Amino acid sequence: MELLTRAILSFPSAGSIVLRVQNHVCTWKNHYMPNFGKKNRFSLKHWRLENGCYSKNPRGLVCYSSAQNDPMLPSGAETQNAKVIYSVAPAMGHNQESHPECNSRVPAIVTALEKMELTSKFRGSAVVELQSFKPASADDIASVHAKAYVSGLEKAMDQTVDEGIIFIDGSGPTYATSTTFRESLLAAGAGLSLVDSVVAASKLSSNPPVGFALIRPPGHHAVPKGPMGFCVFGNVAIAARYAQRAHGLKRVFIIDFDVHHGNGTNDAFYDDPDIFFLSTHQDGSYPGTGKIDQIGRGAGEGATLNLPLPGGSGDIAMRTVFDQVIVPCAQRFKPDIILVSAGYDGHVLDPLASLQFTTGTYYMLASSIKQLAKDLCGGRCVFFLEGGYNLSSLSYSVADSFRAFLGEPSLAADFDNPAFLYEEPSKKVLQAIQKVKHIHSL
């Protein structure tokens with residue numbers, strides 16, 4: 001247990017920043033670094049901040065932040081045979097020691113991908129890493145978030161020079177460092193560049209690559225007026241608006257399988273009939289939203305589906321949900337693109353919740369969503385990293401998602417231990433499924 005005396009910033013509508021000091025007691029379960037051996041262990045020293053972007057040698061990731069440098073997207077020839085295209089924005093400066101949403105998360109995934117030979121170094125043209133991308137613009141962020149919040153957060157960075165770490169939200173808690181604003185823009189921009197790349201590839205091939213934004217801070221809790229629950233900007237929500245505005249993809253289907261309800265995404269589109277938000281999450285978990293009867297408002301009524309699952313729900317529950325709820329919803333909605341808030345904190349080993357998903361569950365979701373996109377919207381699909389705080393289960397599960405995108409067999413059996421699992425609450429799961437099917441006439 002750690003006692004933190006923390007400065008908390010709120011962002012009222014007037015745009016001023018109100019500072020108050022509170023005492024906060026928080027307890028985190030242990031989370032673990034993946035044991036890949038010294039040869040493959042990822043060094044945080046490999047990453048450095050340059051002009052607001054991260055560059056990693058020798059892989060040569062370069063992110064341009066100046067207006068005159070346009071994104072260097074892969075050419076059609078480069079993506080013609082690609083099955084996966086991904087971007088990496090690890091936010092190494094956005095970090096608080098002992099906090100579960102720390103800067104070890106994305107490097108752990110990158111290490112796993114390299115160790116398991118799932119990068120372009122080993123897979124050639126089948127796997128493409130986006131080598132350059134611009135941060136999201138203020139206008140991109142303001143398509144979802146209040147301008148007062150965006151400008152207030154930027155100004156708050158001056159305070160971090162003196163205080164080091166500040167807390168910008170009372171629930172979560174959500175912290176900020178001197179690089180948080182720049183790195184949050186970069187995370188959102190990495191997702192937008194993937195949307196550009198996947199859409200461009202879909203014009204040349206009926207089987208474009210799946211995009212995966214390996215980014216942080218996560219985004220699905222960030223509400224239009226401010227940060228929340230470890231999240232700064234709503235990366236998926238911003239990408240949805242961008243897909244509509246930049247590419248004319250009017251109907252966007254968002255799947256959120258994080259263990260926690262994506263309240264920020266939910267709120268951003270609650271009255272919008274053209275963006276369907278579907279969330280599966282653990283009933284009663286943070287932030288306490290996402291009730292089954294929350295289905296949208298006004299013109300958007302029916303375009304929000306929330307399915308709270310009882311604690312202990314696992315692979316059988318999620319497979320049933322996918323077949324009986326997600327597929328018919330998507331088929332009826334007829335999306336132009338599918339975006340995914342990919343939270344890996346529903347894993348049985350994750351410390352912040354109590355579902356029983358396994359690495360195999362995430363392989364199934366990745367494979368099934370890829371096929372759904374191919375069937376309904378020309379294969380256009382981009383995943384965005386959200387939660388996942390046991391670094392071993394997070395990295396192995398993302399790696400198995402890559403295998404699903406590549407059309408290769410799952411290696412979940414090499415990681416998952418059946419001894420951790422117990423009987424799922426099947427009766428309660430089926431009752432929840434039947435109720436949501438009734439509400440939405442599925």
# chains A, B, ... in the order shown; residues from 1 in each chain; ligands from 1

$ residues_around --residues "Ser178 in chain A" --least-positions-apart "5" --cutoff "9 Å" --atoms "only C-alpha atoms" --output "MDAnalysis selection string"
chainID A and resid 93:94 156:161 164:165

$ write_last_selection --atoms "N, CA and C atoms" --output "PDB file, in the first residue's frame"
ATOM      1  N   GLY A  93       8.324   8.857 -21.583  1.00  0.00           N
ATOM      2  CA  GLY A  93       8.403   9.903 -20.577  1.00  0.00           C
ATOM      3  C   GLY A  93       7.179   9.990 -19.691  1.00  0.00           C
ATOM      4  N   HIS A  94       6.070   9.400 -20.157  1.00  0.00           N
ATOM      5  CA  HIS A  94       4.822   9.381 -19.377  1.00  0.00           C
ATOM      6  C   HIS A  94       4.873   8.161 -18.474  1.00  0.00           C
ATOM      7  N   ALA A 156      -0.813  22.892 -18.409  1.00  0.00           N
ATOM      8  CA  ALA A 156      -0.447  22.189 -17.171  1.00  0.00           C
ATOM      9  C   ALA A 156       0.939  21.574 -17.234  1.00  0.00           C
ATOM     10  N   MET A 157       1.468  21.394 -18.448  1.00  0.00           N
ATOM     11  CA  MET A 157       2.801  20.802 -18.576  1.00  0.00           C
ATOM     12  C   MET A 157       3.861  21.679 -17.916  1.00  0.00           C
ATOM     13  N   ASP A 158       3.626  22.981 -17.849  1.00  0.00           N
ATOM     14  CA  ASP A 158       4.581  23.870 -17.185  1.00  0.00           C
ATOM     15  C   ASP A 158       4.710  23.521 -15.704  1.00  0.00           C
ATOM     16  N   GLN A 159       3.606  23.086 -15.117  1.00  0.00           N
ATOM     17  CA  GLN A 159       3.619  22.749 -13.695  1.00  0.00           C
ATOM     18  C   GLN A 159       4.472  21.519 -13.421  1.00  0.00           C
ATOM     19  N   THR A 160       4.530  20.610 -14.381  1.00  0.00           N
ATOM     20  CA  THR A 160       5.295  19.381 -14.165  1.00  0.00           C
ATOM     21  C   THR A 160       6.794  19.641 -14.091  1.00  0.00           C
ATOM     22  N   VAL A 161       7.241  20.768 -14.644  1.00  0.00           N
ATOM     23  CA  VAL A 161       8.665  21.097 -14.575  1.00  0.00           C
ATOM     24  C   VAL A 161       9.099  21.240 -13.122  1.00  0.00           C
ATOM     25  N   GLY A 164       7.296  17.536 -11.189  1.00  0.00           N
ATOM     26  CA  GLY A 164       7.615  16.210 -11.701  1.00  0.00           C
ATOM     27  C   GLY A 164       6.384  15.494 -12.194  1.00  0.00           C
ATOM     28  N   ILE A 165       5.602  14.939 -11.301  1.00  0.00           N
ATOM     29  CA  ILE A 165       4.380  14.234 -11.653  1.00  0.00           C
ATOM     30  C   ILE A 165       3.189  14.947 -11.017  1.00  0.00           C
TER      31      ILE A 165
END

$ residues_around --residues "Ala240 in chain A" --least-positions-apart "5" --cutoff "10 Å" --atoms "only C-alpha atoms" --output "number ranges by chain"
A: 143-144, 192, 195, 234-235, 245, 249-254, 265, 269, 275, 337-339

$ residues_around --residues "range 358-362 of chain A" --least-positions-apart "2" --cutoff "10 Å" --atoms "only C-alpha atoms" --output "VMD selection string"
chain A and resid 257 314 to 319 342 to 344 346 to 349 355 to 356 364 to 368 393 to 401 404 410 to 418 420 to 421

$ closest_residue --among "A:Ile292, A:Val232, A:Leu305, A:Leu376" --to "Asn266 in chain A" --atoms "only C-alpha atoms"
A:Leu305

$ residues_around --residues "Arg403 in chain A" --least-positions-apart "6" --cutoff "8 Å" --atoms "only C-alpha atoms" --output "PyMOL selection string"
chain A and resi 118+363+409-410

$ residues_around --residues "Pro287 in chain A" --least-positions-apart "6" --cutoff "9 Å" --atoms "only C-alpha atoms" --output "ChimeraX atom specification"
/A:171-172,221,229,260-263

$ atom_distance --atom1 "CA of Glu78 in chain A" --atom2 "CA of Val199 in chain A"
13.9 Å
